[in-house]
Every structure is written in C-alpha cells, then in structure tokens.
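Engineer: What follows is coords-v8.cif; its format and atoms are mmCIF, C-alpha atoms and all ligand atoms.
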data_target
#
loop_
_atom_site.label_atom_id
_atom_site.label_comp_id
_atom_site.auth_asym_id
_atom_site.auth_seq_id
_atom_site.Cartn_x
_atom_site.Cartn_y
_atom_site.Cartn_z
CA MET A 208 13.95 -12.95 6.43
CA GLU A 209 14.04 -15.49 3.59
CA LEU A 210 11.29 -15.32 0.95
CA GLY A 211 9.83 -18.66 2.09
CA GLU A 212 9.54 -17.38 5.67
CA ILE A 213 7.88 -14.19 4.45
CA LYS A 214 5.30 -16.23 2.56
CA ALA A 215 4.71 -18.41 5.63
CA HIS A 216 4.14 -15.23 7.63
CA TRP A 217 1.37 -14.13 5.23
CA GLN A 218 -0.13 -17.62 5.08
CA ASN A 219 -0.44 -17.41 8.83
CA TRP A 220 -1.98 -13.92 8.84
CA ALA A 221 -4.43 -15.01 6.11
CA LYS A 222 -6.14 -17.12 8.76
CA ALA A 223 -7.80 -13.86 9.87
CA GLY A 224 -9.95 -14.35 6.76
CA THR A 225 -11.87 -11.33 5.51
CA GLY A 226 -10.91 -9.09 8.45
CA ILE A 227 -8.47 -6.17 8.32
CA ALA A 228 -6.18 -8.08 10.70
CA ALA A 229 -5.17 -10.35 7.82
CA THR A 230 -3.05 -7.56 6.32
CA THR A 231 -2.23 -5.02 9.04
CA LYS A 232 -1.93 -4.51 12.78
CA THR A 233 -3.28 -0.98 12.24
CA PRO A 234 -6.94 -0.95 11.16
CA THR A 235 -7.02 2.83 11.29
CA VAL A 236 -4.31 3.19 8.67
CA LYS A 237 -6.30 0.95 6.31
CA ALA A 238 -9.06 3.62 6.22
CA LEU A 239 -6.43 6.24 5.31
CA GLU A 240 -4.90 4.03 2.62
CA ILE A 241 -8.27 3.43 0.95
CA ASP A 242 -9.06 7.14 1.12
CA ALA A 243 -5.66 8.05 -0.35
CA LEU A 244 -6.05 5.56 -3.22
CA SER A 245 -9.58 6.68 -4.01
CA ARG A 246 -8.74 10.40 -3.87
CA ALA A 247 -5.72 9.84 -6.12
CA VAL A 248 -7.90 8.10 -8.71
CA SER A 249 -10.34 11.04 -8.66
CA ARG A 250 -7.65 13.71 -8.53
CA PHE A 251 -5.29 12.42 -11.21
CA GLY A 252 -7.90 10.63 -13.34
CA LEU A 253 -7.74 7.59 -15.58
CA PRO A 254 -7.34 7.56 -19.35
CA PRO A 255 -10.64 7.79 -21.26
CA ALA A 256 -12.13 4.32 -21.84
CA SER A 257 -15.55 2.70 -21.63
CA ASP A 258 -14.14 -0.33 -19.75
CA LEU A 259 -11.76 1.08 -17.11
CA ARG A 260 -9.68 -1.77 -15.71
CA GLY A 261 -7.59 -1.72 -12.54
CA LEU A 262 -5.09 -4.15 -11.04
CA GLU A 263 -4.07 -4.54 -7.39
CA VAL A 264 -0.71 -6.22 -6.97
CA ALA A 265 -0.53 -8.40 -3.81
CA CYS A 266 -4.15 -7.63 -2.99
CA GLY A 267 -4.33 -9.51 0.30
CA ASN A 268 -7.96 -10.14 1.21
CA GLY A 269 -9.19 -7.57 -1.30
CA ILE A 270 -10.34 -4.82 1.05
CA ASN A 271 -8.67 -2.04 -0.99
CA SER A 272 -9.95 -3.33 -4.32
CA VAL A 273 -13.49 -3.80 -3.08
CA SER A 274 -13.53 -0.36 -1.44
CA LEU A 275 -12.37 1.23 -4.70
CA LEU A 276 -15.01 -0.71 -6.66
CA LYS A 277 -17.69 0.64 -4.34
CA ARG A 278 -16.45 4.22 -4.73
CA HIS A 279 -15.76 4.08 -8.49
CA PRO A 280 -18.67 2.30 -10.18
CA ASN A 281 -17.14 2.72 -13.65
CA LEU A 282 -14.13 0.54 -12.72
CA SER A 283 -13.47 -3.20 -12.74
CA ILE A 284 -10.48 -4.58 -10.81
CA ASP A 285 -8.29 -7.66 -10.99
CA GLY A 286 -6.19 -8.56 -7.99
CA PHE A 287 -3.63 -11.22 -7.26
CA ASP A 288 -1.79 -12.47 -4.22
CA TYR A 289 0.50 -15.45 -3.72
CA VAL A 290 -1.43 -16.74 -0.68
CA GLU A 291 -4.41 -18.86 -1.72
CA ASP A 292 -6.39 -18.09 1.43
CA MET A 293 -5.99 -14.35 0.83
CA VAL A 294 -7.39 -14.78 -2.69
CA ALA A 295 -10.33 -16.85 -1.40
CA SER A 296 -11.05 -14.13 1.17
CA ALA A 297 -10.82 -11.42 -1.49
CA ARG A 298 -13.46 -13.22 -3.55
CA ALA A 299 -15.67 -13.51 -0.47
CA VAL A 300 -15.24 -9.80 0.40
CA ALA A 301 -16.18 -8.85 -3.17
CA GLU A 302 -19.24 -11.10 -3.24
CA GLU A 303 -20.38 -9.82 0.14
CA ALA A 304 -20.07 -6.22 -1.08
CA GLY A 305 -21.99 -6.98 -4.28
CA VAL A 306 -19.04 -6.18 -6.57
CA GLY A 307 -18.11 -9.77 -7.48
CA GLY A 308 -19.16 -9.12 -11.07
CA ARG A 309 -16.59 -6.33 -11.48
CA SER A 310 -13.66 -8.13 -9.86
CA ARG A 311 -11.45 -11.13 -10.44
CA PHE A 312 -8.90 -12.43 -7.95
CA PHE A 313 -6.08 -14.82 -8.80
CA VAL A 314 -3.23 -16.62 -7.10
CA GLY A 315 0.05 -15.20 -8.38
CA ASP A 316 3.50 -14.05 -7.36
CA MET A 317 4.49 -10.48 -8.14
CA ARG A 318 7.94 -11.68 -9.13
CA GLN A 319 6.22 -13.29 -12.13
CA ILE A 320 3.84 -10.46 -12.98
CA GLY A 321 5.05 -10.53 -16.60
CA GLU A 322 4.04 -14.18 -16.99
CA MET A 323 0.54 -14.36 -15.51
CA PRO A 324 -1.85 -15.43 -18.30
CA GLU A 325 -4.96 -14.59 -16.22
CA LEU A 326 -4.07 -10.90 -16.27
CA ASP A 327 -4.98 -8.44 -19.02
CA GLY A 328 -2.17 -7.20 -21.23
CA GLY A 329 -2.63 -3.67 -19.94
CA TYR A 330 -4.47 -1.78 -17.22
CA HIS A 331 -5.67 1.82 -16.87
CA LEU A 332 -4.89 1.76 -13.14
CA ILE A 333 -2.42 -0.32 -11.14
CA PHE A 334 -1.86 0.05 -7.44
CA THR A 335 0.22 -1.49 -4.67
CA ASP A 336 -0.30 -1.16 -0.93
CA ARG A 337 2.52 -2.45 1.30
CA ALA A 338 3.30 -5.05 -1.33
CA ILE A 339 6.76 -4.39 -2.77
CA ILE A 340 8.25 -4.16 0.75
CA ASN A 341 7.68 -7.92 1.11
CA LEU A 342 10.43 -8.65 -1.40
CA ASN A 343 13.63 -8.94 0.58
CA GLU A 344 16.16 -7.38 -1.82
CA TRP A 345 16.13 -4.22 -3.92
CA PRO A 346 16.80 -6.12 -7.21
CA LEU A 347 13.60 -8.16 -6.61
CA GLN A 348 11.67 -5.01 -5.72
CA ARG A 349 13.10 -3.23 -8.78
CA ASP A 350 12.13 -6.08 -11.12
CA ALA A 351 8.59 -6.22 -9.70
CA LEU A 352 8.22 -2.47 -10.29
CA THR A 353 9.47 -2.94 -13.85
CA GLY A 354 6.91 -5.72 -14.46
CA ILE A 355 4.16 -3.56 -12.99
CA ALA A 356 5.06 -0.63 -15.24
CA GLN A 357 4.93 -2.94 -18.26
CA ARG A 358 1.32 -3.91 -17.39
CA LEU A 359 0.26 -0.23 -17.39
CA LEU A 360 -1.45 1.15 -20.51
CA PRO A 361 -0.24 4.44 -22.01
CA GLY A 362 -1.93 7.22 -20.04
CA GLY A 363 -2.43 4.78 -17.15
CA LEU A 364 -2.15 5.73 -13.50
CA LEU A 365 0.19 3.89 -11.12
CA LEU A 366 -0.32 4.38 -7.38
CA VAL A 367 2.36 3.02 -5.07
CA ILE A 368 1.68 2.99 -1.32
CA GLU A 369 4.75 1.56 0.32
CA ASN A 370 6.96 2.23 3.32
CA PHE A 371 9.88 4.52 2.59
CA ASN A 372 13.05 5.02 4.59
CA ALA A 373 13.19 8.83 4.39
CA VAL A 374 9.93 9.40 6.26
CA TYR A 375 10.54 6.45 8.57
CA ASP A 376 13.91 7.96 9.54
CA GLN A 377 12.27 11.33 10.21
CA GLN A 378 9.70 9.62 12.42
CA ASN A 379 12.43 7.82 14.34
CA GLU A 380 14.37 11.04 14.77
CA ALA A 381 11.25 12.63 16.26
CA ARG A 382 10.97 9.68 18.65
CA ASN A 383 14.50 10.44 19.77
CA TRP A 384 13.56 14.07 20.41
CA LEU A 385 10.92 12.73 22.82
CA GLY A 386 13.47 10.45 24.50
CA MET A 387 12.22 7.24 22.87
CA PRO A 388 14.33 4.71 20.94
CA ARG A 389 14.04 4.14 17.18
CA ARG A 390 11.48 1.58 16.09
CA THR A 391 12.79 -1.24 13.94
CA VAL A 392 11.31 -2.49 10.67
CA ALA A 393 9.40 -5.80 10.86
CA GLU A 394 11.70 -8.60 9.72
CA PHE A 395 9.38 -9.56 6.84
CA ASN A 396 9.68 -6.07 5.30
CA LEU A 397 12.36 -4.15 3.42
CA PHE A 398 11.45 -0.47 3.22
CA LEU A 399 12.27 1.41 0.03
CA ASP A 400 14.91 4.08 -0.41
CA ASP A 401 13.14 7.08 -2.00
CA ASP A 402 16.05 8.17 -4.20
CA ILE A 403 16.81 4.71 -5.57
CA PHE A 404 13.09 4.08 -6.10
CA MET A 405 12.53 7.39 -7.90
CA SER A 406 15.58 6.95 -10.08
CA HIS A 407 14.24 3.56 -11.18
CA MET A 408 10.71 4.86 -11.80
CA ARG A 409 12.15 7.67 -13.94
CA SER A 410 14.21 5.12 -15.87
CA LEU A 411 10.94 3.30 -16.66
CA GLY A 412 9.66 6.50 -18.28
CA LEU A 413 7.01 7.14 -15.62
CA ALA A 414 6.09 10.74 -14.84
CA LEU A 415 5.67 11.65 -11.17
CA LEU A 416 2.27 13.26 -10.48
CA GLY A 417 2.49 13.65 -6.73
CA VAL A 418 3.56 12.30 -3.36
CA GLU A 419 1.26 12.21 -0.35
CA ASP A 420 2.11 11.47 3.29
CA PHE A 421 -1.49 10.69 4.13
CA GLY A 422 -0.62 8.87 7.37
CA SER A 423 1.45 11.62 8.96
CA LEU A 424 -0.95 12.81 11.68
CA HIS A 425 -2.02 9.22 12.36
CA ASP A 426 1.57 8.12 12.88
CA ILE A 427 2.47 11.18 14.95
CA VAL A 428 -0.22 10.11 17.38
CA LEU A 429 0.36 6.34 17.12
CA TYR A 430 4.14 6.20 17.17
CA LEU A 431 5.12 9.50 18.88
CA LEU A 432 2.55 11.09 21.17
CA VAL A 433 0.69 8.12 22.66
CA PRO A 434 3.88 6.12 23.41
CA ALA A 435 5.42 9.31 24.86
CA ILE A 436 2.75 9.38 27.60
CA ASN A 437 2.28 5.62 27.80
CA GLY A 438 5.63 4.15 28.81
CA GLY A 439 6.66 3.75 25.17
CA VAL A 440 3.79 1.39 24.28
CA VAL A 441 2.40 1.60 20.72
CA ASP A 442 -1.34 1.26 21.33
CA TYR A 443 -3.11 0.55 18.03
CA ALA A 444 -6.51 0.76 19.72
CA HIS A 445 -5.95 4.10 21.47
CA PRO A 446 -8.94 6.43 20.98
CA LEU A 447 -6.65 9.30 19.96
CA VAL A 448 -5.37 7.23 17.02
CA GLU A 449 -8.97 6.86 15.90
CA LYS A 450 -9.54 10.60 16.29
CA ALA A 451 -6.36 11.36 14.33
CA THR A 452 -7.70 9.12 11.56
CA GLU A 453 -11.05 10.87 11.61
CA LEU A 454 -9.39 14.29 11.52
CA SER A 455 -7.11 13.26 8.62
CA LEU A 456 -10.05 11.94 6.59
CA ALA A 457 -12.08 15.09 7.28
CA ALA A 458 -9.14 17.37 6.50
CA TYR A 459 -8.53 15.73 3.12
CA ALA A 460 -12.26 15.81 2.37
CA HIS A 461 -12.16 19.57 2.98
CA GLY A 462 -9.14 20.09 0.75
CA HIS A 463 -6.59 20.52 3.56
CA GLY A 464 -3.10 19.60 2.41
CA GLY A 465 -2.07 17.16 5.14
CA PHE A 466 -0.02 17.12 8.31
CA GLY A 467 3.66 16.99 7.43
CA GLN A 468 5.96 14.10 6.62
CA LEU A 469 6.08 11.81 9.63
CA GLY A 470 3.94 8.90 8.39
CA GLN A 471 5.70 5.70 7.42
CA ASN A 472 3.26 4.98 4.55
CA ARG A 473 3.68 7.22 1.54
CA LEU A 474 1.73 7.33 -1.73
CA TYR A 475 3.57 8.00 -4.99
CA ALA A 476 1.43 8.64 -8.09
CA PHE A 477 2.81 8.19 -11.61
CA ARG A 478 1.47 8.50 -15.13
CA LYS A 479 2.72 6.39 -18.02
CA PRO A 480 3.12 8.82 -20.95
C1 LIG A 501 0.64 -5.91 3.99
S1 LIG A 501 -0.31 -7.07 3.06
C2 LIG A 501 -1.17 -5.91 2.03
C3 LIG A 501 -2.33 -6.49 1.28
C4 LIG A 501 -3.15 -5.47 0.52
N1 LIG A 501 -2.34 -4.82 -0.47
C5 LIG A 501 -3.74 -4.47 1.48
O1 LIG A 501 -3.23 -3.34 1.57
O2 LIG A 501 -4.71 -4.78 2.17
C6 LIG A 501 0.92 -7.75 1.97
C7 LIG A 501 0.36 -8.76 1.01
O3 LIG A 501 1.36 -9.05 0.04
C8 LIG A 501 1.27 -10.42 -0.30
N2 LIG A 501 2.54 -10.78 -0.93
C9 LIG A 501 3.77 -10.72 -0.38
N3 LIG A 501 4.71 -11.10 -1.26
C10 LIG A 501 4.05 -11.40 -2.40
C11 LIG A 501 4.47 -11.86 -3.68
N4 LIG A 501 5.76 -12.08 -3.94
N5 LIG A 501 3.54 -12.03 -4.63
C12 LIG A 501 2.23 -11.82 -4.37
N6 LIG A 501 1.77 -11.44 -3.17
C13 LIG A 501 2.68 -11.20 -2.20
C14 LIG A 501 0.97 -11.08 1.02
O4 LIG A 501 0.44 -12.37 0.86
C15 LIG A 501 -0.01 -10.09 1.64
O5 LIG A 501 -1.33 -10.43 1.30
#
Rewrite the structure from the file as structure tokens, please.
Ligand SMILES: C[S@@+](CC[C@H](N)C(=O)[O-])C[C@H]1O[C@@H](n2cnc3c(N)ncnc32)[C@H](O)[C@@H]1O

Structural biologist:
Amino acid sequence: MELGEIKAHWQNWAKAGTGIAATTKTPTVKALEIDALSRAVSRFGLPPASDLRGLEVACGNGINSVSLLKRHPNLSIDGFDYVEDMVASARAVAEEAGVGGRSRFFVGDMRQIGEMPELDGGYHLIFTDRAIINLNEWPLQRDALTGIAQRLLPGGLLLVIENFNAVYDQQNEARNWLGMPRRTVAEFNLFLDDDIFMSHMRSLGLALLGVEDFGSLHDIVLYLLVPAINGGVVDYAHPLVEKATELSLAAYAHGHGGFGQLGQNRLYAFRKP
C-alpha cells in the first residue's frame, strides 16, 4: 500500500475516538502490550533523573502512554502521531485519566522525528507499539529507527513492540500443522525481518537487553486453536482469547517466563550506552 493510503487508513480508524478500536482489532492484545511495556520499564529501569521523560512514537489515541503514566507516577510522556484526530483523542484520554499535566501530544510524522521542534532533545525512555510496521519499505523503517535512537539519552531505554517475520512464520507453520492456510499480513503493514532489524540496531550502538514474546499464548488461542475448531474463523471476542490474556497477565505477574514464540507481536528492549 502507498504511504498516502496507509495514512488514510489510520485517519479512518481514528474515527473510533478514544476507544481501543482506533488502533487494533484485538483489544485483548492491547492489555498485553501495556503490561509488557510497563514490566520492561520496571525490569530494565531508566537512567537516574529527577524528571524522567518518555516518548511514544506514533502514539495513536494515547492508551499506552496514559496507561504507563498511571503505572509510573515519576514519568512524564510526550507522544506524537501523524493523524490529528488520534492526537486529539490522546489528549482527551490523558485528561480523562487525570494525567494531562504529565503528558503532551503532538501531530508529527515519524519520518521526520529528527526535525520536530516540539520534542525534547533527548528522552530517558522511547517506545513504539506497532508503529514502524506502517512504513512501507525497509529503508523508511530503518531511517525512523535511526531517528528514534538519536532522540534517546545515554543510558536511555528503547522498547520496540512491532510485528516480526520470524515469529509470524512460526505461527503460520503451526497453522499448517493444524490444516489451516497461512494468514496474510494486512496490506497497510510491513513486518520486520529480525536479522536485518537487529543488525541495524547494533550498528546504532544499542545494546540488546531482552526479547519477549508476550503475546504467544494469546495468539496460539486466537490464531491457532479457536480457528481450528471454528471453521477457520479468527474470533477476536472468543472467551478463550480473554482467558488466555488473563492467564498471560497472571503468569507474568507471578514471574513465569512466558509461553513460547508463537505471538506475532514481539518486544525488543535496548539500552543506549
Ligand atoms: C497500530 S496503531 C498503534 C498506535 C499506538 N502505538 C498503540 O499501540 O495504541 C499505528 C499508529 O501509527 C500511526 N502512524 C502510522 N504511520 C505514521 C507516521 N509515519 N508517523 C506518525 N504516526 C504514524 C497511525 O496513525 C496509528 O495511530
């Protein structure tokens, strides 16, 4: 899909306003994403500072940022998105949650992250969540990642939740084992190749802290087991998907390591030395 069509897609979805449906068809995975981001902040830590500042790239309607602000009271967060309605919704979500004073949301395109005067020169935390995959060529994705790394302060934490081909391929292979066809990537997304991505992140001098397939059990149920007994239909509202989400959240809360590598969303955590 052309970049203009991708933007039109998000302008259309932004009509869902402050609801989760503005950014995903899978409300359950949003809970797992927020949990994964928040746990990574706690687990890997931020550099010592009295004014810890975070940045969400392509923040959508701000649900991640606001959730992190509620869980980490010592943090303030800036977010930007190229869809004006998303930014307006993000401000509304923040005000509604009582964290408007610790957040700022701007209109901006991640391809120009180096030239956005509203942003701070450097951040202690930067995160993406299904953002980079909306750029339709690797060179654009690579340049956005470079710009993001440049906005990170020394000692800063970078969390990248994106869709990666390696785990997506494994998931599709498992579908084949159950006699189901491969799923295809939405036309407005370009999933990342793990090796190419990692090679670029290393070239930026970022140190890998960890990788987490937080959505594995969720996706096993959503994309493998439920369709296998349901004529192939992916049922986002199936009660077992909700239970898988609940079990994943509880398992991580109890220090369990996860449920394999079959989730299409993967979190990479990096530190800038
Ligand atoms: C899947 S949504 C995710 C939003 C948010 N990160 C979340 O997880 O809730 C993708 C978002 O990326 C935004 N986006 C896509 N391309 C962008 C670009 N080039 N610059 C800024 N935002 C972009 C879209 O408008 C949309 O809000």

Engineer: Looking at A:Asp258, A:Glu303, A:Asp420, A:Glu291, which one is nearest to ligand LIG 501 (chain A), with distances taken over all atoms listed in the file?

Structural biologist: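 For ligand LIG 501 (chain A), the nearest of the given residues is A:Glu291.
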
Engineer: Do you know which residues are at most 7 Å from stretch 355-367 of chain A counting only C-alpha atoms, after dropping those on the same chain fewer than 5 positions away, and could you put them as a list of chain:residue names?

Structural biologist: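 Residues near the query, excluding close chain neighbours: A:Leu253, A:Pro254, A:Ile320, A:Gly328, A:Gly329, A:Tyr330, A:His331, A:Leu332, A:Ile333, A:Phe334, A:Thr335, A:Asp336, A:Leu474, A:Tyr475, A:Ala476, A:Phe477, A:Arg478, A:Lys479, A:Pro480.
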
Engineer: Find the distance between atom CA of A:Asn472 and atom CA of A:Ser274 and write it in Å to one decimal.

Structural biologist: 18.6 Å

Engineer: Centre and edge lengths, as lines of an AutoDock Vina configuration file, for the axis-aligned box enclosing every listed atom of ligand LIG 501 (chain A) with 4 Å of padding on each of the six sides, in Å to one decimal?

Structural biologist:
center_x = 0.5
center_y = -7.9
center_z = -0.3
size_x = 18.5
size_y = 17.0
size_z = 16.6

Engineer: Could you list, as a list in words, every residue within 8 Å of A:Ile340, counting all atoms listed in the file and ignoring same-chain residues fewer than 2 positions away?

Structural biologist: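 Within the cut-off, the hits are Arg337, Ala338, Leu342, Asn343, Gln348, Glu369, Asn370, Asn396, Leu397, Phe398 and Leu399 of chain A.
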
Engineer: Report the closest atom pair, with its distance in Å rounded to one decimal, for each residue of chain A that has an atom no farther than 8 Å from ligand LIG 501 (chain A); count all atoms listed in the file, sort by chain and then rising residue number, and write it as JSON lines.

Structural biologist:
{"residue": "A:Ile213", "atom": "CA", "partner": "A:LIG501", "partner_atom": "N3", "distance": 7.2}
{"residue": "A:Lys214", "atom": "CA", "partner": "A:LIG501", "partner_atom": "N3", "distance": 6.4}
{"residue": "A:Trp217", "atom": "CA", "partner": "A:LIG501", "partner_atom": "O4", "distance": 4.8}
{"residue": "A:Gln218", "atom": "CA", "partner": "A:LIG501", "partner_atom": "O4", "distance": 6.8}
{"residue": "A:Ala221", "atom": "CA", "partner": "A:LIG501", "partner_atom": "O5", "distance": 7.3}
{"residue": "A:Ile227", "atom": "CA", "partner": "A:LIG501", "partner_atom": "O2", "distance": 7.3}
{"residue": "A:Ala229", "atom": "CA", "partner": "A:LIG501", "partner_atom": "S1", "distance": 7.6}
{"residue": "A:Thr230", "atom": "CA", "partner": "A:LIG501", "partner_atom": "S1", "distance": 4.3}
{"residue": "A:Thr231", "atom": "CA", "partner": "A:LIG501", "partner_atom": "C1", "distance": 5.9}
{"residue": "A:Lys237", "atom": "CA", "partner": "A:LIG501", "partner_atom": "O1", "distance": 7.1}
{"residue": "A:Glu240", "atom": "CA", "partner": "A:LIG501", "partner_atom": "O1", "distance": 7.6}
{"residue": "A:Glu263", "atom": "CA", "partner": "A:LIG501", "partner_atom": "N1", "distance": 7.1}
{"residue": "A:Val264", "atom": "CA", "partner": "A:LIG501", "partner_atom": "C12", "distance": 6.8}
{"residue": "A:Ala265", "atom": "CA", "partner": "A:LIG501", "partner_atom": "N6", "distance": 3.9}
{"residue": "A:Cys266", "atom": "CA", "partner": "A:LIG501", "partner_atom": "N1", "distance": 4.2}
{"residue": "A:Gly267", "atom": "CA", "partner": "A:LIG501", "partner_atom": "O5", "distance": 3.3}
{"residue": "A:Asn268", "atom": "CA", "partner": "A:LIG501", "partner_atom": "O2", "distance": 6.3}
{"residue": "A:Gly269", "atom": "CA", "partner": "A:LIG501", "partner_atom": "O2", "distance": 6.3}
{"residue": "A:Ile270", "atom": "CA", "partner": "A:LIG501", "partner_atom": "O2", "distance": 5.7}
{"residue": "A:Asn271", "atom": "CA", "partner": "A:LIG501", "partner_atom": "O2", "distance": 5.8}
{"residue": "A:Phe287", "atom": "CA", "partner": "A:LIG501", "partner_atom": "C12", "distance": 6.6}
{"residue": "A:Asp288", "atom": "CA", "partner": "A:LIG501", "partner_atom": "N6", "distance": 3.9}
{"residue": "A:Tyr289", "atom": "CA", "partner": "A:LIG501", "partner_atom": "C12", "distance": 4.1}
{"residue": "A:Val290", "atom": "CA", "partner": "A:LIG501", "partner_atom": "O4", "distance": 5.0}
{"residue": "A:Met293", "atom": "CA", "partner": "A:LIG501", "partner_atom": "O5", "distance": 6.1}
{"residue": "A:Val314", "atom": "CA", "partner": "A:LIG501", "partner_atom": "C12", "distance": 7.8}
{"residue": "A:Gly315", "atom": "CA", "partner": "A:LIG501", "partner_atom": "C12", "distance": 5.7}
{"residue": "A:Asp316", "atom": "CA", "partner": "A:LIG501", "partner_atom": "N5", "distance": 3.4}
{"residue": "A:Met317", "atom": "CA", "partner": "A:LIG501", "partner_atom": "N5", "distance": 4.0}
{"residue": "A:Arg318", "atom": "CA", "partner": "A:LIG501", "partner_atom": "N4", "distance": 5.6}
{"residue": "A:Thr335", "atom": "CA", "partner": "A:LIG501", "partner_atom": "N1", "distance": 5.9}
{"residue": "A:Asp336", "atom": "CA", "partner": "A:LIG501", "partner_atom": "N1", "distance": 4.2}
{"residue": "A:Arg337", "atom": "CA", "partner": "A:LIG501", "partner_atom": "C1", "distance": 4.8}
{"residue": "A:Ala338", "atom": "CA", "partner": "A:LIG501", "partner_atom": "O3", "distance": 4.7}
{"residue": "A:Ile339", "atom": "CA", "partner": "A:LIG501", "partner_atom": "N3", "distance": 7.2}
{"residue": "A:Asn341", "atom": "CA", "partner": "A:LIG501", "partner_atom": "N3", "distance": 5.0}
{"residue": "A:Leu342", "atom": "CA", "partner": "A:LIG501", "partner_atom": "N3", "distance": 6.2}

Engineer: With distances taken over all atoms listed in the file, which residue among A:Ser296, A:Leu276, A:Leu413, A:Pro446 lies nearest A:Val433?

Structural biologist: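 Comparing A:Ser296, A:Leu276, A:Leu413, A:Pro446 against A:Val433, the winner is A:Pro446.
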
Engineer: Can you tell me how far atom CA of A:Arg389 sits from atom CA of A:Gly438, in Å to one decimal?

Structural biologist: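 Atom CA of A:Arg389 sits 14.4 Å away from atom CA of A:Gly438.
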
Engineer: Using all atoms listed in the file for the distances, tell me which of A:Glu449, A:Glu302, A:Glu212, A:Glu322 is nearest to A:His425.

Structural biologist: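 That would be A:Glu449, the residue with the smallest distance to A:His425.
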
Engineer: What gap, in Å, lies between atom CA of A:Gly211 and atom CA of A:His407?

Structural biologist: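 Rounded to one decimal, the two atoms are 26.3 Å apart.
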
Engineer: Using all atoms listed in the file, which residue out of A:Asn372, A:Ser245, A:Thr353, A:Ser257 lies closest to A:Val273?

Structural biologist: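 Closest candidate: A:Ser245.
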
Engineer: Excluding A:Lys450 and any residue of its chain fewer than 6 positions from it, enumerate the residues within 12 Å of it, using only C-alpha atoms, and give them as a PyMOL selection string.

Structural biologist: chain A and resi 235-236+424-426+428-429+444+456-458

Engineer: Using only C-alpha atoms, which residue out of A:Ile284, A:Ala215, A:Met323, A:Leu244 lies closest to A:Gly261?

Structural biologist: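 Going through A:Ile284, A:Ala215, A:Met323, A:Leu244 one by one, the smallest distance to A:Gly261 is for A:Ile284.
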
Engineer: Looking at A:Arg246, A:Tyr443, A:Gly224, A:Leu239, which one is nearest to A:Ala297, with distances taken over all atoms listed in the file?

Structural biologist: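 With all atoms listed in the file as the atom set, the closest residue is A:Gly224.
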
Engineer: Can you list, as a list in words, every protein, DNA or RNA residue that comes within 9 Å of A:Ala304 when you count all atoms listed in the file, leaving out same-chain residues fewer than 3 positions away?

Structural biologist: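 What passes the distance filter is Val273, Ser274, Lys277, Ala299, Val300, Ala301 and Gly307 of chain A.
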
Engineer: Skipping near chain neighbours, those fewer than 3 positions away, what residues fall within 7 Å of stretch 308-311 of chain A using all atoms listed in the file, listed as a PyMOL selection string?

Structural biologist: chain A and resi 283-286

Engineer: Because the input lacks atoms here, generate N, CA, C and O atoms for stretch 264-275 of chain A and report them as a compact mmCIF listing (two decimals), in the frame of the given file.

Structural biologist:
# COMPACT_ATOMS: atom_id res chain seq x y z
N VAL A 264 -1.82 -5.28 -7.10
CA VAL A 264 -0.71 -6.22 -6.97
C VAL A 264 -0.58 -6.61 -5.50
O VAL A 264 -0.49 -5.73 -4.64
N ALA A 265 -0.59 -7.91 -5.21
CA ALA A 265 -0.53 -8.40 -3.81
C ALA A 265 -1.71 -7.83 -3.03
O ALA A 265 -1.54 -7.08 -2.07
N CYS A 266 -2.89 -8.25 -3.45
CA CYS A 266 -4.15 -7.63 -2.99
C CYS A 266 -4.58 -8.06 -1.60
O CYS A 266 -5.58 -7.56 -1.09
N GLY A 267 -3.88 -9.03 -1.00
CA GLY A 267 -4.33 -9.51 0.30
C GLY A 267 -5.76 -10.01 0.22
O GLY A 267 -6.14 -10.69 -0.75
N ASN A 268 -6.58 -9.66 1.21
CA ASN A 268 -7.96 -10.14 1.21
C ASN A 268 -8.91 -9.17 0.50
O ASN A 268 -10.13 -9.23 0.71
N GLY A 269 -8.37 -8.32 -0.35
CA GLY A 269 -9.19 -7.57 -1.30
C GLY A 269 -9.90 -6.34 -0.76
O GLY A 269 -10.70 -5.73 -1.48
N ILE A 270 -9.58 -5.93 0.46
CA ILE A 270 -10.34 -4.82 1.05
C ILE A 270 -10.13 -3.51 0.27
O ILE A 270 -11.07 -2.75 0.05
N ASN A 271 -8.90 -3.26 -0.18
CA ASN A 271 -8.67 -2.04 -0.99
C ASN A 271 -9.46 -2.10 -2.29
O ASN A 271 -10.14 -1.14 -2.66
N SER A 272 -9.32 -3.22 -3.00
CA SER A 272 -9.95 -3.33 -4.32
C SER A 272 -11.46 -3.16 -4.20
O SER A 272 -12.08 -2.42 -4.97
N VAL A 273 -12.04 -3.84 -3.23
CA VAL A 273 -13.49 -3.80 -3.08
C VAL A 273 -13.93 -2.39 -2.69
O VAL A 273 -14.94 -1.87 -3.20
N SER A 274 -13.18 -1.74 -1.83
CA SER A 274 -13.53 -0.36 -1.44
C SER A 274 -13.47 0.56 -2.65
O SER A 274 -14.35 1.42 -2.83
N LEU A 275 -12.46 0.38 -3.50
CA LEU A 275 -12.37 1.23 -4.70
C LEU A 275 -13.53 0.93 -5.65
O LEU A 275 -14.10 1.84 -6.26
